[in-house]
Amino acid sequence: SMVVFSLCLPFSLFAQIDKDMKEFDDFVKQQQKEFDDFVSEQNKEFAEFLKETWKEYDLQKPVVRPQRPEPVKPVSFDHKKPATKPQEVKVGEVTRLPIPTVTPSATFSPSKGKTPVPVIPGGKDVAVEPEKDSAVLPEIKPEVKPEETVPAKRSLSGVEFSFYSKDCVVNASLKNRLTLKGIAEKDISAGWETLSRSNYQPLIDDCLAFKKDNALNDYGYLLLTRKVATELCGSTHSDEIALMQMFLLSQSGYRVKVARMDNRLTLFYASGNMIYATCFITLNGVNYYRFDTTPNKTNSIYTYNRDFANAKNPVNMNITTPQPFSGTYVEKTLQAKAYPSVKVCSKVNSGLISFYKDYPQCDFSVYVGAPVSQEVQQTVLPSLQAAIQGKKQSEAANILINFVQTAFDYKTDGDQFGYEKPFFVDELFYYPYSDCEDRAVLYSYLVRTLMGLDVVLLEYPNHMATAVCFDENIDGDYITVSGKKYIICDPTYIGASIGLAMSQFKNVAAKVLKY
């Protein structure tokens with residue numbers, strides 16, 4: 001009887017496991033059905049809501065980015081002038097800046113007073129032995145690839161297109177599905193209903209998978225959905241494109257809306273970031289910015305004051321991960337005048353530059369906080385690191401400042417672009433000219449990355465410079481922040497070594513931007 005019992009035991013166990021799995025399966029299916037029903041109900045309700053009469057709203061005029069009237073020409077240091085006694089420069093308000101995300105190529109986490117440690121993805125932290133009396137430097141690997149991530153599930157066939165030179169395929173179920181009879185409330189409602197009754201989920205999954213696989217930020221996703229909507233509706237159907245994009249973004253969880261303006265539909269997106277030179281409407285204390293950049297003829301628009309129930313996320317303009325666009329490489333050779341052996345052959349990706357060109361004007365923190373591309377890290381950092389290897393901090397900082405002062409040609413944003421345009425670091429290695437703001441950001445990046453030192457940006461009414469907290473005792477003009485001494489280093493004061501502030505800014509309080 002014991003034998004019979006032991007033989008029966010596995011079967012009863014299997015039967016129980018089978019039953020449990022079936023119950024769990026049924027539970028999952030039931031949960032999915034309830035969720036689908038809920039979404040379906042939300043879509044139906046929203047379609048009904050869109051039928052109600054839209055209200056007229058005043059379009060807020062674009063906020064003009066505060067102009068920093070920069071010097072038309074960079075100031076050159078006069079070596080014949082007698083040296084002046086170093087002085088402390090007054091500090092105005094102190095503002096925090098976002099620390100740019102550390103990316104896995106050629107970089108490390110600077111920590112004051114300690115040996116910088118290179119970050120090697122998937123590897124162990126390796127401390128670098130400092131040389132006596134030298135700047136402490138990490139070893140830069142020529143190619144370090146980030147860890148492989150498992151790609152999200154995506155359609156293998158469907159609508160194919162190129163997004164900033166990257167190949168993309170999305171589900172084709174909504175292709176030519178949307179035809180609007182007009183742009184009255186009832187037409188928009190009918191359009192939403194048509195889309196929400198279709199098998200749209202695989203398309204949303206494809207878009208979100210592309211976003212995840214390529215680490216696209218929110219604004220990158222807005223640009224992607226515009227491209228997808230254009231592919232699905234045809235480039236001449238602007239009203240259908242606006243509604244399709246609004247549908248894709250809403251189902252992806254973003255707070256967006258369409259509005260009637262100049263007899264056509266246009267998309268507005270919610271954002272907590274200030275976006276300059278872009279008209280917007282404010283609803284319930286939230287700013288919705290216009291996505292379309294064509295000039296508007298009227299300042300009155302018609303829209304509705306409610307978001308789709310599942311759409312809770314405003315569009316975050318910050319870039320926290322490298323945006324890995326494809327494209328041709330643009331190369332440049334840059335050389336420091338006082339140190340002719342300090343030569344850099346930089347390489348930037350044209351796909352990334354095109355993406356940055358399409359980026360709206362944001363707050364300065366968006367540009368400073370963005371990570372620097374692998375291409376720039378791998379082509380710019382090794383040459384500069386080699387140039388300062390084994391040097392004292394003062395000499396290393398002087399080599400880097402002369403490189404930033406003299407390897408780039410100067411022009412104000414107004415002269416180069418016709419408007420105020422802060423650069424992402426990569427853009428300095430693409431455009432023919434840069435201004436004091438761009439150079440201050442680049443110098444700050446190089447000193448923090450290659451020397452592991454704390455740097456602040458100094459903002460004057462019409463100029464920007466930097467100040468560095470050295471471990472060595474260095475003489476020169478300085479500021480004091482939180483009890484620490486920062487030596488002024490001006491990347492636009494051509495030929496000036498570290499510790500020299502331009503005479504016209506020695507008695508002006510500097511606003512400090514601190515990482």
# chains A, B, ... in the order shown; residues from 1 in each chain; ligands from 1
>>> closest_atom_pairs(of="range 292-392 of chain A", to="range 249-254 of chain A", cutoff="7 Å", atoms="only C-alpha atoms", output="CSV")
residue,atom,partner,partner_atom,distance
A:Phe308,CA,A:Ser250,CA,6.4
A:Asn310,CA,A:Gly253,CA,5.8
A:Ala311,CA,A:Gly253,CA,4.0
A:Lys312,CA,A:Gly253,CA,5.8
A:Asn313,CA,A:Tyr254,CA,4.6
A:Pro314,CA,A:Tyr254,CA,6.0
A:Val315,CA,A:Tyr254,CA,6.9
>>> write_last_selection(atoms="N, CA, C and O atoms", output="JSON list (two decimals), in the first residue's frame")
[["chain", "number", "residue", "atom", "x", "y", "z"],
["A", 308, "PHE", "N", -7.07, 63.30, -21.31],
["A", 308, "PHE", "CA", -7.49, 61.91, -21.35],
["A", 308, "PHE", "C", -7.14, 61.28, -19.99],
["A", 308, "PHE", "O", -6.07, 61.51, -19.45],
["A", 310, "ASN", "N", -6.10, 58.50, -18.74],
["A", 310, "ASN", "CA", -4.88, 57.73, -18.47],
["A", 310, "ASN", "C", -3.62, 58.54, -18.74],
["A", 310, "ASN", "O", -2.51, 58.02, -18.58],
["A", 311, "ALA", "N", -3.78, 59.78, -19.20],
["A", 311, "ALA", "CA", -2.61, 60.60, -19.57],
["A", 311, "ALA", "C", -2.26, 61.53, -18.43],
["A", 311, "ALA", "O", -2.88, 62.56, -18.24],
["A", 312, "LYS", "N", -1.26, 61.16, -17.65],
["A", 312, "LYS", "CA", -0.92, 61.93, -16.45],
["A", 312, "LYS", "C", 0.43, 62.64, -16.56],
["A", 312, "LYS", "O", 0.75, 63.51, -15.77],
["A", 313, "ASN", "N", 1.29, 62.23, -17.52],
["A", 313, "ASN", "CA", 2.68, 62.69, -17.51],
["A", 313, "ASN", "C", 2.92, 63.96, -18.33],
["A", 313, "ASN", "O", 2.64, 63.97, -19.53],
["A", 314, "PRO", "N", 3.46, 65.01, -17.69],
["A", 314, "PRO", "CA", 3.91, 66.15, -18.50],
["A", 314, "PRO", "C", 5.18, 65.75, -19.25],
["A", 314, "PRO", "O", 5.83, 64.76, -18.90],
["A", 315, "VAL", "N", 5.54, 66.50, -20.28],
["A", 315, "VAL", "CA", 6.74, 66.20, -21.06],
["A", 315, "VAL", "C", 7.95, 66.82, -20.35],
["A", 315, "VAL", "O", 8.00, 68.03, -20.16]]
>>> residues_around(residues="Tyr486 in chain A", least_positions_apart="4", cutoff="9 Å", atoms="only C-alpha atoms", output="JSON, numbers by chain")
{"A": [454, 455, 456, 466, 467, 468, 469, 470, 477, 478, 479, 480, 481]}
>>> write_last_selection(atoms="N, CA and C atoms", output="mmCIF file, in the first residue's frame")
data_model
loop_
_atom_site.group_PDB
_atom_site.id
_atom_site.type_symbol
_atom_site.label_atom_id
_atom_site.label_comp_id
_atom_site.auth_asym_id
_atom_site.auth_seq_id
_atom_site.Cartn_x
_atom_site.Cartn_y
_atom_site.Cartn_z
ATOM 1 N N ASP A 454 36.037 70.233 -8.358
ATOM 2 C CA ASP A 454 34.745 70.913 -8.280
ATOM 3 C C ASP A 454 34.832 72.252 -9.032
ATOM 4 N N VAL A 455 33.875 72.490 -9.921
ATOM 5 C CA VAL A 455 33.859 73.721 -10.733
ATOM 6 C C VAL A 455 32.497 74.397 -10.579
ATOM 7 N N VAL A 456 32.495 75.721 -10.532
ATOM 8 C CA VAL A 456 31.221 76.457 -10.574
ATOM 9 C C VAL A 456 31.222 77.366 -11.799
ATOM 10 N N THR A 466 34.151 80.662 -15.291
ATOM 11 C CA THR A 466 34.136 79.524 -14.369
ATOM 12 C C THR A 466 35.081 79.817 -13.204
ATOM 13 N N ALA A 467 34.957 79.002 -12.140
ATOM 14 C CA ALA A 467 35.907 79.068 -11.020
ATOM 15 C C ALA A 467 36.108 77.644 -10.523
ATOM 16 N N VAL A 468 37.370 77.316 -10.190
ATOM 17 C CA VAL A 468 37.733 75.932 -9.851
ATOM 18 C C VAL A 468 38.267 75.853 -8.428
ATOM 19 N N CYS A 469 37.815 74.830 -7.699
ATOM 20 C CA CYS A 469 38.304 74.579 -6.345
ATOM 21 C C CYS A 469 39.481 73.595 -6.440
ATOM 22 N N PHE A 470 40.712 74.126 -6.375
ATOM 23 C CA PHE A 470 41.916 73.293 -6.524
ATOM 24 C C PHE A 470 42.322 72.667 -5.194
ATOM 25 N N ASP A 477 42.690 85.721 -8.632
ATOM 26 C CA ASP A 477 41.358 86.220 -8.269
ATOM 27 C C ASP A 477 40.490 85.014 -7.917
ATOM 28 N N TYR A 478 39.614 85.198 -6.929
ATOM 29 C CA TYR A 478 38.852 84.036 -6.450
ATOM 30 C C TYR A 478 37.493 84.447 -5.894
ATOM 31 N N ILE A 479 36.654 83.452 -5.665
ATOM 32 C CA ILE A 479 35.388 83.648 -4.949
ATOM 33 C C ILE A 479 35.360 82.631 -3.813
ATOM 34 N N THR A 480 34.513 82.861 -2.830
ATOM 35 C CA THR A 480 34.345 81.900 -1.736
ATOM 36 C C THR A 480 32.888 81.435 -1.717
ATOM 37 N N VAL A 481 32.705 80.122 -1.818
ATOM 38 C CA VAL A 481 31.353 79.540 -1.772
ATOM 39 C C VAL A 481 31.362 78.433 -0.725
#
>>> closest_residue(among="A:Asp490, A:Glu45, A:Asp205, A:Asp20", to="Asp307 in chain A", atoms="only C-alpha atoms")
A:Glu45
>>> residues_around(residues="range 441-447 of chain A", least_positions_apart="2", cutoff="7 Å", atoms="only C-alpha atoms", output="list in words")
Val368, Ile401, Val404, Val425, Glu437, Asp438, Arg439, Thr449, Leu450, Met451, Gly452, Leu453, Val455, Thr466 and Pro491 of chain A
>>> write_last_selection(atoms="C-alpha atoms", output="short mmCIF file (atom, residue, chain, number, x, y, z; two decimals), in the first residue's frame")
data_model
loop_
_atom_site.label_atom_id
_atom_site.label_comp_id
_atom_site.auth_asym_id
_atom_site.auth_seq_id
_atom_site.Cartn_x
_atom_site.Cartn_y
_atom_site.Cartn_z
CA VAL A 368 24.33 71.73 -18.75
CA ILE A 401 41.90 76.75 -20.47
CA VAL A 404 39.12 76.23 -24.80
CA VAL A 425 28.61 70.22 -25.23
CA GLU A 437 28.48 80.61 -22.14
CA ASP A 438 29.33 77.60 -24.34
CA ARG A 439 33.04 77.76 -23.46
CA THR A 449 35.94 64.96 -16.00
CA LEU A 450 39.71 64.97 -16.47
CA MET A 451 40.86 66.46 -13.15
CA GLY A 452 38.06 65.41 -10.81
CA LEU A 453 37.79 68.93 -9.35
CA VAL A 455 33.86 73.72 -10.73
CA THR A 466 34.14 79.52 -14.37
CA PRO A 491 37.63 80.51 -20.95
#
>>> select_by_dssp(residues="range 244-308 of chain A", states="strand (DSSP E or B)", output="ChimeraX atom specification")
/A:254,256-261,264-270,275-276,280-283,286-290,300-303
>>> write_last_selection(atoms="C-alpha atoms", output="PDB file, in the first residue's frame")
ATOM      1  CA  TYR A 254       1.356  61.954 -21.878  1.00  0.00           C
ATOM      2  CA  VAL A 256      -1.444  66.506 -24.619  1.00  0.00           C
ATOM      3  CA  LYS A 257      -4.391  68.059 -26.421  1.00  0.00           C
ATOM      4  CA  VAL A 258      -5.398  69.254 -29.867  1.00  0.00           C
ATOM      5  CA  ALA A 259      -6.775  72.728 -30.521  1.00  0.00           C
ATOM      6  CA  ARG A 260      -8.386  74.487 -33.478  1.00  0.00           C
ATOM      7  CA  MET A 261      -6.220  77.350 -34.617  1.00  0.00           C
ATOM      8  CA  ARG A 264      -6.554  73.643 -38.606  1.00  0.00           C
ATOM      9  CA  LEU A 265      -5.713  71.294 -35.757  1.00  0.00           C
ATOM     10  CA  THR A 266      -2.508  71.754 -33.801  1.00  0.00           C
ATOM     11  CA  LEU A 267      -0.992  69.786 -30.910  1.00  0.00           C
ATOM     12  CA  PHE A 268      -0.194  71.198 -27.456  1.00  0.00           C
ATOM     13  CA  TYR A 269       1.831  69.340 -24.803  1.00  0.00           C
ATOM     14  CA  ALA A 270       2.059  69.915 -21.045  1.00  0.00           C
ATOM     15  CA  ILE A 275      10.101  76.543 -23.059  1.00  0.00           C
ATOM     16  CA  TYR A 276      11.038  79.819 -24.710  1.00  0.00           C
ATOM     17  CA  PHE A 280       1.301  78.299 -24.997  1.00  0.00           C
ATOM     18  CA  ILE A 281      -1.983  78.151 -23.094  1.00  0.00           C
ATOM     19  CA  THR A 282      -2.336  77.789 -19.326  1.00  0.00           C
ATOM     20  CA  LEU A 283      -5.076  75.457 -18.065  1.00  0.00           C
ATOM     21  CA  VAL A 286      -0.352  73.891 -16.228  1.00  0.00           C
ATOM     22  CA  ASN A 287       1.372  75.306 -19.328  1.00  0.00           C
ATOM     23  CA  TYR A 288       0.613  73.529 -22.616  1.00  0.00           C
ATOM     24  CA  TYR A 289       3.129  74.461 -25.314  1.00  0.00           C
ATOM     25  CA  ARG A 290       2.439  74.417 -29.027  1.00  0.00           C
ATOM     26  CA  SER A 300      -7.322  82.837 -30.196  1.00  0.00           C
ATOM     27  CA  ILE A 301      -7.735  79.072 -30.174  1.00  0.00           C
ATOM     28  CA  TYR A 302     -10.523  76.614 -29.386  1.00  0.00           C
ATOM     29  CA  THR A 303      -9.924  73.601 -27.190  1.00  0.00           C
TER      30      THR A 303
END
>>> residues_around(residues="Asn402 in chain A", least_positions_apart="5", cutoff="10 Å", atoms="only C-alpha atoms", output="list in words")
Gln335, Ala336, Lys337, Ala338, Tyr339, Val342, Ala397, Ala407, Tyr443, Asp490, Pro491, Thr492, Tyr493, Ile494, Gly495, Ala496, Ser497 and Ile498 of chain A
>>> select_by_dssp(residues="range 205-398 of chain A", states="helix (DSSP H, G or I)", output="MDAnalysis selection string")
chainID A and resid 205:213 218:233 238:251 350:357 364:368 374:388 393:398
>>> residues_around(residues="Glu160 in chain A", least_positions_apart="6", cutoff="9 Å", atoms="only C-alpha atoms", output="VMD selection string")
chain A and resid 167 to 170 231
>>> atom_distance(atom1="CA of Gly499 in chain A", atom2="CA of Ile399 in chain A")
13.5 Å
>>> closest_residue(among="A:Lys73, A:Lys61, A:Lys343, A:Lys22", to="Asp413 in chain A", atoms="only C-alpha atoms")
A:Lys73
>>> closest_residue(among="A:Val372, A:Lys80, A:Gly182, A:Asn284", to="Phe429 in chain A", atoms="only C-alpha atoms")
A:Val372
>>> closest_residue(among="A:Asn296, A:Asn462, A:Asn398, A:Gln389", to="Cys489 in chain A", atoms="only C-alpha atoms")
A:Asn398
>>> closest_residue(among="A:Thr320, A:Ser365, A:Thr95, A:Ser383", to="Ser341 in chain A", atoms="only C-alpha atoms")
A:Ser383
>>> closest_residue(among="A:Tyr460, A:Tyr419, A:Trp54, A:Tyr219", to="Phe355 in chain A", atoms="only C-alpha atoms")
A:Tyr219
>>> residues_around(residues="Arg197 in chain A", least_positions_apart="4", cutoff="10 Å", atoms="only C-alpha atoms", output="PyMOL selection string")
chain A and resi 40+43-44+192-193
>>> write_last_selection(atoms="N, CA, C and O atoms", output="PDB file, in the first residue's frame")
ATOM      1  N   SER A  40     -11.259  50.834 -22.415  1.00  0.00           N
ATOM      2  CA  SER A  40     -12.304  51.006 -23.423  1.00  0.00           C
ATOM      3  C   SER A  40     -13.344  52.013 -22.932  1.00  0.00           C
ATOM      4  O   SER A  40     -13.801  52.878 -23.682  1.00  0.00           O
ATOM      5  N   ASN A  43     -11.883  55.520 -23.056  1.00  0.00           N
ATOM      6  CA  ASN A  43     -11.881  56.006 -24.438  1.00  0.00           C
ATOM      7  C   ASN A  43     -13.261  56.469 -24.867  1.00  0.00           C
ATOM      8  O   ASN A  43     -13.403  57.499 -25.527  1.00  0.00           O
ATOM      9  N   LYS A  44     -14.284  55.667 -24.475  1.00  0.00           N
ATOM     10  CA  LYS A  44     -15.662  55.993 -24.853  1.00  0.00           C
ATOM     11  C   LYS A  44     -16.083  57.315 -24.207  1.00  0.00           C
ATOM     12  O   LYS A  44     -16.656  58.193 -24.855  1.00  0.00           O
ATOM     13  N   TRP A 192     -11.500  60.116 -32.725  1.00  0.00           N
ATOM     14  CA  TRP A 192     -10.990  59.440 -31.519  1.00  0.00           C
ATOM     15  C   TRP A 192     -11.629  58.059 -31.372  1.00  0.00           C
ATOM     16  O   TRP A 192     -10.959  57.076 -31.058  1.00  0.00           O
ATOM     17  N   GLU A 193     -12.952  58.012 -31.628  1.00  0.00           N
ATOM     18  CA  GLU A 193     -13.685  56.734 -31.498  1.00  0.00           C
ATOM     19  C   GLU A 193     -13.154  55.705 -32.501  1.00  0.00           C
ATOM     20  O   GLU A 193     -12.929  54.546 -32.150  1.00  0.00           O
TER      21      GLU A 193
END
>>> residues_around(residues="Tyr367 in chain A", least_positions_apart="3", cutoff="12 Å", atoms="only C-alpha atoms", output="ChimeraX atom specification")
/A:97-101,317-320,356,359-364,370-372,421-427,437-438,441-442,445
>>> write_last_selection(atoms="N, CA, C and O atoms", output="compact mmCIF listing (two decimals), in the first residue's frame")
# COMPACT_ATOMS: atom_id res chain seq x y z
N LEU A 97 22.84 73.42 -10.06
CA LEU A 97 22.71 72.90 -11.42
C LEU A 97 22.57 71.38 -11.35
O LEU A 97 23.11 70.77 -10.43
N PRO A 98 21.89 70.76 -12.32
CA PRO A 98 21.83 69.31 -12.30
C PRO A 98 23.19 68.72 -12.65
O PRO A 98 23.90 69.26 -13.49
N ILE A 99 23.58 67.65 -11.97
CA ILE A 99 24.85 67.01 -12.30
C ILE A 99 24.61 66.14 -13.52
O ILE A 99 23.73 65.27 -13.52
N PRO A 100 25.36 66.36 -14.62
CA PRO A 100 25.15 65.54 -15.82
C PRO A 100 25.33 64.06 -15.51
O PRO A 100 26.16 63.68 -14.70
N THR A 101 24.50 63.25 -16.15
CA THR A 101 24.56 61.81 -15.93
C THR A 101 25.90 61.26 -16.38
O THR A 101 26.40 61.61 -17.43
N MET A 317 11.66 67.93 -20.34
CA MET A 317 12.62 68.32 -21.38
C MET A 317 14.07 67.94 -21.05
O MET A 317 14.95 68.08 -21.88
N ASN A 318 14.32 67.49 -19.81
CA ASN A 318 15.69 67.13 -19.44
C ASN A 318 16.16 65.89 -20.20
O ASN A 318 15.35 65.01 -20.50
N ILE A 319 17.45 65.85 -20.50
CA ILE A 319 18.04 64.68 -21.17
C ILE A 319 18.97 64.02 -20.16
O ILE A 319 19.98 64.60 -19.76
N THR A 320 18.61 62.81 -19.72
CA THR A 320 19.41 62.17 -18.66
C THR A 320 20.22 60.99 -19.18
O THR A 320 21.08 60.48 -18.47
N TYR A 356 19.33 67.90 -31.79
CA TYR A 356 19.51 69.11 -30.99
C TYR A 356 19.00 70.35 -31.73
O TYR A 356 18.52 71.30 -31.11
N TYR A 359 15.42 70.78 -31.12
CA TYR A 359 15.05 70.94 -29.71
C TYR A 359 14.61 72.37 -29.46
O TYR A 359 15.28 73.31 -29.88
N PRO A 360 13.48 72.58 -28.77
CA PRO A 360 13.08 73.97 -28.49
C PRO A 360 14.01 74.62 -27.48
O PRO A 360 14.77 73.94 -26.80
N GLN A 361 13.93 75.95 -27.37
CA GLN A 361 14.79 76.68 -26.43
C GLN A 361 14.31 76.45 -25.00
O GLN A 361 13.15 76.74 -24.68
N CYS A 362 15.20 75.92 -24.17
CA CYS A 362 14.84 75.60 -22.78
C CYS A 362 15.71 76.37 -21.81
O CYS A 362 16.57 77.16 -22.20
N ASP A 363 15.51 76.09 -20.51
CA ASP A 363 16.35 76.70 -19.49
C ASP A 363 17.77 76.16 -19.60
O ASP A 363 17.99 75.03 -20.02
N PHE A 364 18.71 76.96 -19.12
CA PHE A 364 20.13 76.64 -19.20
C PHE A 364 20.44 75.27 -18.60
O PHE A 364 21.28 74.52 -19.09
N ALA A 370 22.80 67.69 -19.63
CA ALA A 370 22.75 66.60 -20.63
C ALA A 370 24.09 65.87 -20.69
O ALA A 370 25.15 66.51 -20.60
N PRO A 371 24.07 64.54 -20.85
CA PRO A 371 25.34 63.82 -20.96
C PRO A 371 26.04 64.11 -22.28
O PRO A 371 25.40 64.46 -23.26
N VAL A 372 27.35 63.96 -22.28
CA VAL A 372 28.15 64.17 -23.49
C VAL A 372 28.22 62.85 -24.25
O VAL A 372 28.34 61.78 -23.63
N LYS A 421 21.14 80.94 -28.04
CA LYS A 421 21.13 79.48 -28.12
C LYS A 421 22.26 78.87 -27.29
O LYS A 421 23.39 78.81 -27.74
N PRO A 422 21.96 78.42 -26.07
CA PRO A 422 23.01 77.71 -25.33
C PRO A 422 23.33 76.40 -26.06
O PRO A 422 22.44 75.80 -26.67
N PHE A 423 24.56 75.95 -25.99
CA PHE A 423 24.96 74.70 -26.65
C PHE A 423 24.92 73.51 -25.70
O PHE A 423 25.28 73.64 -24.53
N PHE A 424 24.51 72.36 -26.22
CA PHE A 424 24.87 71.10 -25.60
C PHE A 424 26.37 70.95 -25.91
O PHE A 424 26.83 71.41 -26.97
N VAL A 425 27.14 70.29 -25.04
CA VAL A 425 28.61 70.22 -25.23
C VAL A 425 28.97 69.75 -26.64
O VAL A 425 29.86 70.29 -27.29
N ASP A 426 28.26 68.74 -27.15
CA ASP A 426 28.59 68.20 -28.49
C ASP A 426 28.54 69.27 -29.57
O ASP A 426 29.28 69.20 -30.55
N GLU A 427 27.66 70.26 -29.39
CA GLU A 427 27.47 71.27 -30.45
C GLU A 427 28.69 72.17 -30.64
O GLU A 427 28.89 72.71 -31.72
N GLU A 437 29.32 81.57 -22.87
CA GLU A 437 28.48 80.61 -22.14
C GLU A 437 28.86 79.17 -22.53
O GLU A 437 29.05 78.31 -21.67
N ASP A 438 29.00 78.94 -23.84
CA ASP A 438 29.33 77.60 -24.34
C ASP A 438 30.70 77.16 -23.85
O ASP A 438 30.91 76.01 -23.46
N VAL A 441 30.80 76.19 -20.12
CA VAL A 441 30.24 74.85 -19.90
C VAL A 441 31.26 73.78 -20.31
O VAL A 441 31.46 72.79 -19.61
N LEU A 442 31.94 73.99 -21.46
CA LEU A 442 32.93 73.01 -21.92
C LEU A 442 34.10 72.92 -20.94
O LEU A 442 34.54 71.83 -20.57
N TYR A 445 33.15 71.09 -17.88
CA TYR A 445 33.06 69.64 -18.16
C TYR A 445 34.46 69.00 -18.18
O TYR A 445 34.68 67.93 -17.59
